[in-house]
Amino acid sequence: MANVVVIGTQWGDEGKGKVVDLLAESADMIIRFQGGNNAGHTLVINGQQFICHLIPSGILHTDKTCLIGNGVVLDPRVLLDEIKTLKDRGIAVEPGKLLISETAHIIMPYHKLIDHGREQLLKGDAKIGTTGRGIGPCYEDKIVRKGIRVIDLVDPDSFKQKLSAVIDEKNFYLREYLKSDTMLDSQSILDEYLEYGEQIRPYVTNVSVAIQKAISDNKKLLFEGAQGTHLDIDHGTYPYVTSSNTTAGNACSGAGVGPTQIDKVLGIVKAYTTRVGAGPFPTELLDAVGDTIQERGAEFGATTGRRRRCGWLDTVVVRNAVRINSLTGLTITKLDVLDGLETVKVCTGYRYKNDLLTEFPNTLNILKECEPVYEELPGWSEDISGIKEFDDFPENTKNYLRRIEELTKTPIRIVSVGPDREETIVLEDPFA
Ligand code: GDP
Ligand code: IMO
Ligand code: MG
């Protein structure tokens, strides 16, 4: 038996969705434990693309249970749209196949307005570049104990009471601080959200109890992280982060299970680095090579469509993720995007003033001034996307992978060479 957590090691969009879909074949339950529809997880099966924002990326497998844990913030309209889109494409998303935690928090209309309003007020470098999905304001209400939970959404009296307790304050903030013209009307929110509650009720359960039962039945659990380690609210490049713990430890609190139940933690590493939104990014390439990677990797956000910033692989970043998440293995994705480059650079450390840093600095002002120290490796001209066995990789590709293992002191378990489920080399199945 093995229970596995999959998390992003960089700044998100490492290809977690693809890997979770692939590993879901061997798992019984797939559990999202944090974030919300700021995530965009892309799955490609026989050339058909699906993007999961809230629903776990195991949903395309018929006989698996997908769970949305208490740590997720849930926009009910987005969830219902996602269920409908999947159903329209012939994927059943019935209650029982999808389970939603009673204690997940609901993203309300004012959360989205506040998210947008705050971003508009911020000037220049202070802008975070959020996805505008209301994620931060929803987690904020959770922490100050003013949130509305799934359990309230499906209970009209409770929902009404919780909403009436906050609506005046939200309108005051919108009008007086954010200078918004949009004022919220309780009755129209009630009409809209209670209808969502009706539709969502059959899916709602105590997710922790469902997980415990699965563990007792020797089922295999796969925890699906969203965002990435360096967007974590504690360990990321604060304040240019998301508002949840994106790291492996939160798989437990965000689902209602203890750390003794986790066996393996797989970190997803894009073969280069990308970041969408603002914030420091030491290996960012603002030249033609960066443009080539961006174009070849089709690096546009799966949620907002924004162009992703691109740069070389940064092993200071990956090593930081290895430690924070206690990674047991790595998956390298998008290796094919580097095909045809004469040389490939890997950042091994940072030059800061007269010092060489080998650990990722927590001080943003230091990080902003860090110059990457690169090692340059020969590239490969071959198209590697059809390769099925590690031994068939060109020697220079193997050397690149081996060097990543050395620099991160962590074994590579899976290599992805294309977006499709089939375009993957599994060196060690974490569930085996
Ligand atoms: P996630 O948020 O971590 O799930 O990643 P995204 O889905 O936002 O972004 C990853 C993008 O890369 C998606 O468009 C995937 O279809 C694509 N992708 C994943 N793995 C590979 C790969 O190995 N090669 C290529 N070329 N594309 C990949
Ligand atoms: P997946 O799961 C990449 C970024 C936003 C912004 C910051 C805060 O697909 O990897 P938020 O809306 O969360 O308050 O925005 O976090 N961000 C992501 N970047 N991938 C994601 O998810 C992201 N989710 C949030 O761009 O910089
Ligand atoms: Mg994504």
# chains A, B, ... in the order shown; residues from 1 in each chain; ligands from 1
$ closest_atom_pairs --of "chain A" --to "ligand 2" --cutoff "6 Å" --atoms "only C-alpha atoms and all ligand atoms" --output "tab-separated table"
residue	atom	partner	partner_atom_place_in_ligand_line	distance
A:Trp11	CA	ligand 2	3 (C)	5.8
A:Gly12	CA	ligand 2	10 (O)	3.3
A:Asp13	CA	ligand 2	10 (O)	3.8
A:Asn38	CA	ligand 2	24 (N)	4.5
A:Ala39	CA	ligand 2	2 (O)	3.6
A:Gly40	CA	ligand 2	9 (O)	3.8
A:His41	CA	ligand 2	9 (O)	5.2
A:Ile128	CA	ligand 2	27 (O)	5.7
A:Gly129	CA	ligand 2	27 (O)	4.9
A:Thr130	CA	ligand 2	15 (O)	3.3
A:Thr131	CA	ligand 2	12 (O)	3.6
A:Gly132	CA	ligand 2	12 (O)	5.4
A:Arg133	CA	ligand 2	12 (O)	5.7
A:Ile135	CA	ligand 2	14 (O)	5.2
A:Gly136	CA	ligand 2	14 (O)	5.0
A:Ala226	CA	ligand 2	2 (O)	3.6
A:Gln227	CA	ligand 2	10 (O)	3.5
A:Gly228	CA	ligand 2	10 (O)	6.0
A:Leu231	CA	ligand 2	16 (O)	6.0
A:Val241	CA	ligand 2	7 (C)	4.8
A:Thr242	CA	ligand 2	13 (O)	4.0
A:Ser243	CA	ligand 2	14 (O)	5.9
A:Val276	CA	ligand 2	26 (O)	4.7
A:Gly277	CA	ligand 2	27 (O)	3.6
A:Ala278	CA	ligand 2	27 (O)	5.4
$ write_last_selection --atoms "N, CA, C and O atoms" --output "short mmCIF file (atom, residue, chain, number, x, y, z; two decimals), in the first residue's frame"
data_model
loop_
_atom_site.label_atom_id
_atom_site.label_comp_id
_atom_site.auth_asym_id
_atom_site.auth_seq_id
_atom_site.Cartn_x
_atom_site.Cartn_y
_atom_site.Cartn_z
N TRP A 11 6.81 27.45 -9.48
CA TRP A 11 5.77 28.47 -9.26
C TRP A 11 4.46 28.05 -9.93
O TRP A 11 3.73 28.88 -10.45
N GLY A 12 4.17 26.77 -9.92
CA GLY A 12 2.91 26.29 -10.51
C GLY A 12 3.08 25.92 -11.97
O GLY A 12 4.13 26.17 -12.59
N ASP A 13 2.06 25.25 -12.51
CA ASP A 13 2.01 24.87 -13.93
C ASP A 13 3.15 23.96 -14.34
O ASP A 13 3.62 24.00 -15.47
N ASN A 38 -8.17 28.98 -8.97
CA ASN A 38 -6.96 29.63 -9.49
C ASN A 38 -6.11 28.59 -10.22
O ASN A 38 -5.30 28.93 -11.07
N ALA A 39 -6.30 27.33 -9.88
CA ALA A 39 -5.56 26.24 -10.53
C ALA A 39 -6.13 25.97 -11.93
O ALA A 39 -7.32 26.14 -12.17
N GLY A 40 -5.25 25.52 -12.80
CA GLY A 40 -5.68 25.03 -14.11
C GLY A 40 -4.81 23.84 -14.42
O GLY A 40 -3.60 24.00 -14.65
N HIS A 41 -5.37 22.65 -14.37
CA HIS A 41 -4.59 21.42 -14.55
C HIS A 41 -5.02 20.77 -15.86
O HIS A 41 -6.17 20.39 -16.02
N ILE A 128 0.16 41.96 -7.30
CA ILE A 128 0.50 40.54 -7.17
C ILE A 128 0.28 39.83 -8.50
O ILE A 128 0.95 38.86 -8.82
N GLY A 129 -0.71 40.30 -9.25
CA GLY A 129 -1.09 39.58 -10.47
C GLY A 129 -1.88 38.34 -10.13
O GLY A 129 -1.62 37.26 -10.65
N THR A 130 -2.86 38.48 -9.24
CA THR A 130 -3.67 37.31 -8.85
C THR A 130 -4.50 36.85 -10.04
O THR A 130 -4.62 37.55 -11.05
N THR A 131 -5.11 35.70 -9.87
CA THR A 131 -5.98 35.19 -10.95
C THR A 131 -7.35 35.85 -10.90
O THR A 131 -8.18 35.60 -11.77
N GLY A 132 -7.61 36.64 -9.87
CA GLY A 132 -8.89 37.35 -9.78
C GLY A 132 -10.06 36.45 -9.44
O GLY A 132 -11.23 36.82 -9.64
N ARG A 133 -9.77 35.29 -8.91
CA ARG A 133 -10.85 34.33 -8.64
C ARG A 133 -11.40 34.43 -7.20
O ARG A 133 -12.19 33.59 -6.78
N ILE A 135 -9.62 34.11 -4.42
CA ILE A 135 -8.97 33.12 -3.56
C ILE A 135 -8.49 33.74 -2.24
O ILE A 135 -8.85 33.25 -1.15
N GLY A 136 -7.70 34.81 -2.33
CA GLY A 136 -7.14 35.44 -1.13
C GLY A 136 -8.23 35.92 -0.17
O GLY A 136 -8.22 35.56 1.02
N ALA A 226 -2.14 21.89 -5.77
CA ALA A 226 -2.30 22.94 -6.77
C ALA A 226 -1.24 24.00 -6.51
O ALA A 226 -0.59 24.00 -5.46
N GLN A 227 -1.03 24.88 -7.49
CA GLN A 227 0.03 25.89 -7.44
C GLN A 227 1.40 25.20 -7.26
O GLN A 227 1.57 24.11 -7.75
N GLY A 228 2.30 25.85 -6.55
CA GLY A 228 3.64 25.25 -6.42
C GLY A 228 4.28 25.73 -5.13
O GLY A 228 3.80 26.69 -4.50
N LEU A 231 4.84 29.34 -4.39
CA LEU A 231 3.63 30.17 -4.24
C LEU A 231 2.99 29.91 -2.89
O LEU A 231 1.91 30.43 -2.60
N VAL A 241 2.60 35.42 -3.72
CA VAL A 241 2.24 34.01 -3.48
C VAL A 241 0.73 33.87 -3.56
O VAL A 241 0.02 34.87 -3.66
N THR A 242 0.25 32.67 -3.44
CA THR A 242 -1.18 32.47 -3.29
C THR A 242 -1.50 32.43 -1.79
O THR A 242 -0.60 32.62 -0.96
N SER A 243 -2.76 32.21 -1.44
CA SER A 243 -3.14 32.38 -0.02
C SER A 243 -3.31 31.07 0.73
O SER A 243 -3.95 31.05 1.78
N VAL A 276 3.77 32.75 -13.64
CA VAL A 276 2.73 33.63 -14.17
C VAL A 276 2.31 34.55 -13.03
O VAL A 276 2.20 34.12 -11.90
N GLY A 277 2.17 35.84 -13.32
CA GLY A 277 1.93 36.80 -12.25
C GLY A 277 3.25 37.43 -11.84
O GLY A 277 4.31 37.08 -12.38
N ALA A 278 3.19 38.34 -10.86
CA ALA A 278 4.37 39.12 -10.50
C ALA A 278 5.23 38.39 -9.46
O ALA A 278 4.82 37.37 -8.92
#
$ residues_near_ligand --ligand "ligand 3" --cutoff "12 Å" --atoms "only C-alpha atoms and all ligand atoms" --output "PyMOL selection string"
chain A and resi 7-8+10-18+35-43+50-54+57+131+225-228+268+270+274-276+299-306+308
$ select_by_dssp --residues "stretch 152-268 of chain A" --states "strand (DSSP E or B)" --output "CSV table (one decimal) with N, CA, C and O atoms, in the first residue's frame"
chain,number,residue,atom,x,y,z
A,204,VAL,N,-22.1,16.3,-1.1
A,204,VAL,CA,-21.4,16.8,0.2
A,204,VAL,C,-21.4,15.7,1.2
A,204,VAL,O,-22.3,15.0,1.5
A,205,THR,N,-20.2,15.6,1.8
A,205,THR,CA,-20.0,14.5,2.8
A,205,THR,C,-18.9,14.9,3.8
A,205,THR,O,-18.2,16.0,3.6
A,221,LEU,N,-4.4,6.2,-2.0
A,221,LEU,CA,-4.8,7.6,-2.1
A,221,LEU,C,-3.7,8.4,-2.8
A,221,LEU,O,-2.5,8.2,-2.6
A,222,LEU,N,-4.3,9.3,-3.7
A,222,LEU,CA,-3.4,10.2,-4.4
A,222,LEU,C,-3.8,11.6,-4.1
A,222,LEU,O,-5.0,12.0,-4.4
A,223,PHE,N,-3.0,12.4,-3.5
A,223,PHE,CA,-3.3,13.8,-3.1
A,223,PHE,C,-2.7,14.7,-4.2
A,223,PHE,O,-1.5,14.7,-4.5
A,224,GLU,N,-3.6,15.6,-4.7
A,224,GLU,CA,-3.2,16.4,-5.8
A,224,GLU,C,-3.0,17.9,-5.4
A,224,GLU,O,-4.0,18.6,-5.1
A,264,LYS,N,4.7,8.6,0.2
A,264,LYS,CA,5.6,9.2,-0.8
A,264,LYS,C,5.2,10.6,-1.2
A,264,LYS,O,3.9,10.9,-1.2
A,265,VAL,N,6.1,11.4,-1.5
A,265,VAL,CA,5.8,12.8,-2.0
A,265,VAL,C,6.6,13.0,-3.3
A,265,VAL,O,7.9,13.0,-3.3
A,266,LEU,N,5.9,13.2,-4.3
A,266,LEU,CA,6.5,13.3,-5.6
A,266,LEU,C,6.4,14.8,-6.0
A,266,LEU,O,5.3,15.4,-6.1
A,267,GLY,N,7.6,15.4,-6.3
A,267,GLY,CA,7.6,16.8,-6.7
A,267,GLY,C,7.7,16.9,-8.2
A,267,GLY,O,8.5,16.2,-8.9
A,268,ILE,N,6.8,17.7,-8.8
A,268,ILE,CA,6.8,17.9,-10.2
A,268,ILE,C,7.7,19.1,-10.6
A,268,ILE,O,7.6,20.2,-10.0
$ closest_residue --among "A:Gln48, A:Gln261, A:Thr85, A:Ser26" --to "ligand 1" --atoms "only C-alpha atoms and all ligand atoms"
A:Gln48
$ atom_distance --atom1 "atom CA of A:Thr315" --atom2 "atom CA of A:Ser253"
28.1 Å
$ residues_around --residues "A:Val415" --least-positions-apart "5" --cutoff "9 Å" --atoms "only C-alpha atoms" --output "ChimeraX atom specification"
/A:330-335,390,423-427
$ write_last_selection --atoms "N, CA and C atoms" --output "JSON list (two decimals), in the first residue's frame"
[["chain", "number", "residue", "atom", "x", "y", "z"],
["A", 330, "LEU", "N", 11.28, 12.83, -7.93],
["A", 330, "LEU", "CA", 10.92, 13.93, -8.84],
["A", 330, "LEU", "C", 10.28, 13.38, -10.10],
["A", 331, "THR", "N", 9.44, 14.21, -10.71],
["A", 331, "THR", "CA", 8.98, 13.97, -12.07],
["A", 331, "THR", "C", 9.44, 15.15, -12.89],
["A", 332, "ILE", "N", 10.14, 14.88, -13.98],
["A", 332, "ILE", "CA", 10.57, 15.97, -14.87],
["A", 332, "ILE", "C", 9.58, 16.05, -16.02],
["A", 333, "THR", "N", 9.01, 17.22, -16.22],
["A", 333, "THR", "CA", 8.03, 17.38, -17.30],
["A", 333, "THR", "C", 8.57, 18.34, -18.37],
["A", 334, "LYS", "N", 7.95, 18.26, -19.53],
["A", 334, "LYS", "CA", 8.20, 19.17, -20.65],
["A", 334, "LYS", "C", 9.66, 19.15, -21.11],
["A", 335, "LEU", "N", 10.30, 18.00, -20.93],
["A", 335, "LEU", "CA", 11.70, 17.86, -21.35],
["A", 335, "LEU", "C", 11.82, 18.06, -22.87],
["A", 390, "PHE", "N", 14.00, 5.10, -20.96],
["A", 390, "PHE", "CA", 15.09, 6.00, -20.56],
["A", 390, "PHE", "C", 16.33, 5.75, -21.42],
["A", 423, "GLU", "N", 2.66, 10.03, -23.40],
["A", 423, "GLU", "CA", 4.02, 10.53, -23.64],
["A", 423, "GLU", "C", 4.78, 10.65, -22.32],
["A", 424, "THR", "N", 4.94, 9.51, -21.69],
["A", 424, "THR", "CA", 5.53, 9.51, -20.34],
["A", 424, "THR", "C", 6.38, 8.28, -20.14],
["A", 425, "ILE", "N", 7.49, 8.44, -19.46],
["A", 425, "ILE", "CA", 8.36, 7.30, -19.12],
["A", 425, "ILE", "C", 8.33, 7.14, -17.61],
["A", 426, "VAL", "N", 7.76, 6.04, -17.15],
["A", 426, "VAL", "CA", 7.68, 5.82, -15.70],
["A", 426, "VAL", "C", 8.85, 4.92, -15.31],
["A", 427, "LEU", "N", 9.79, 5.49, -14.55],
["A", 427, "LEU", "CA", 10.96, 4.72, -14.12],
["A", 427, "LEU", "C", 10.62, 3.94, -12.85]]
$ select_by_dssp --residues "stretch 194-364 of chain A" --states "helix (DSSP H, G or I)" --output "PyMOL selection string"
chain A and resi 194-203+207-216+229-231+250-253+259-261+288-296+315-325+335-338+364
$ closest_atom_pairs --of "stretch 243-341 of chain A" --to "stretch 100-105 of chain A" --cutoff "12 Å" --atoms "only C-alpha atoms" --output "Markdown table"
| residue | atom | partner | partner_atom | distance |
| --- | --- | --- | --- | --- |
| A:Ser253 | CA | A:Ala104 | CA | 11.7 |
| A:Gly254 | CA | A:Ala104 | CA | 9.0 |
| A:Ala255 | CA | A:Ser101 | CA | 8.4 |
| A:Gly256 | CA | A:Ser101 | CA | 9.7 |
$ residues_around --residues "A:Leu286" --least-positions-apart "5" --cutoff "10 Å" --atoms "only C-alpha atoms" --output "list in words"
Asp291, Arg309, Cys310 and Gly311 of chain A
$ write_last_selection --atoms "N, CA, C and O atoms" --output "PDB file, in the first residue's frame"
ATOM      1  N   ASP A 291      11.904  33.535 -25.220  1.00  0.00           N
ATOM      2  CA  ASP A 291      10.761  33.534 -26.152  1.00  0.00           C
ATOM      3  C   ASP A 291      10.611  32.165 -26.814  1.00  0.00           C
ATOM      4  O   ASP A 291       9.500  31.674 -27.001  1.00  0.00           O
ATOM      5  N   ARG A 309       6.026  33.758 -17.825  1.00  0.00           N
ATOM      6  CA  ARG A 309       7.433  34.154 -17.879  1.00  0.00           C
ATOM      7  C   ARG A 309       8.271  32.864 -17.874  1.00  0.00           C
ATOM      8  O   ARG A 309       7.916  31.915 -17.174  1.00  0.00           O
ATOM      9  N   CYS A 310       9.366  32.836 -18.646  1.00  0.00           N
ATOM     10  CA  CYS A 310      10.139  31.583 -18.770  1.00  0.00           C
ATOM     11  C   CYS A 310      11.608  31.809 -18.452  1.00  0.00           C
ATOM     12  O   CYS A 310      12.137  32.901 -18.684  1.00  0.00           O
ATOM     13  N   GLY A 311      12.263  30.775 -17.965  1.00  0.00           N
ATOM     14  CA  GLY A 311      13.698  30.851 -17.687  1.00  0.00           C
ATOM     15  C   GLY A 311      14.281  29.456 -17.536  1.00  0.00           C
ATOM     16  O   GLY A 311      13.574  28.449 -17.614  1.00  0.00           O
TER      17      GLY A 311
END
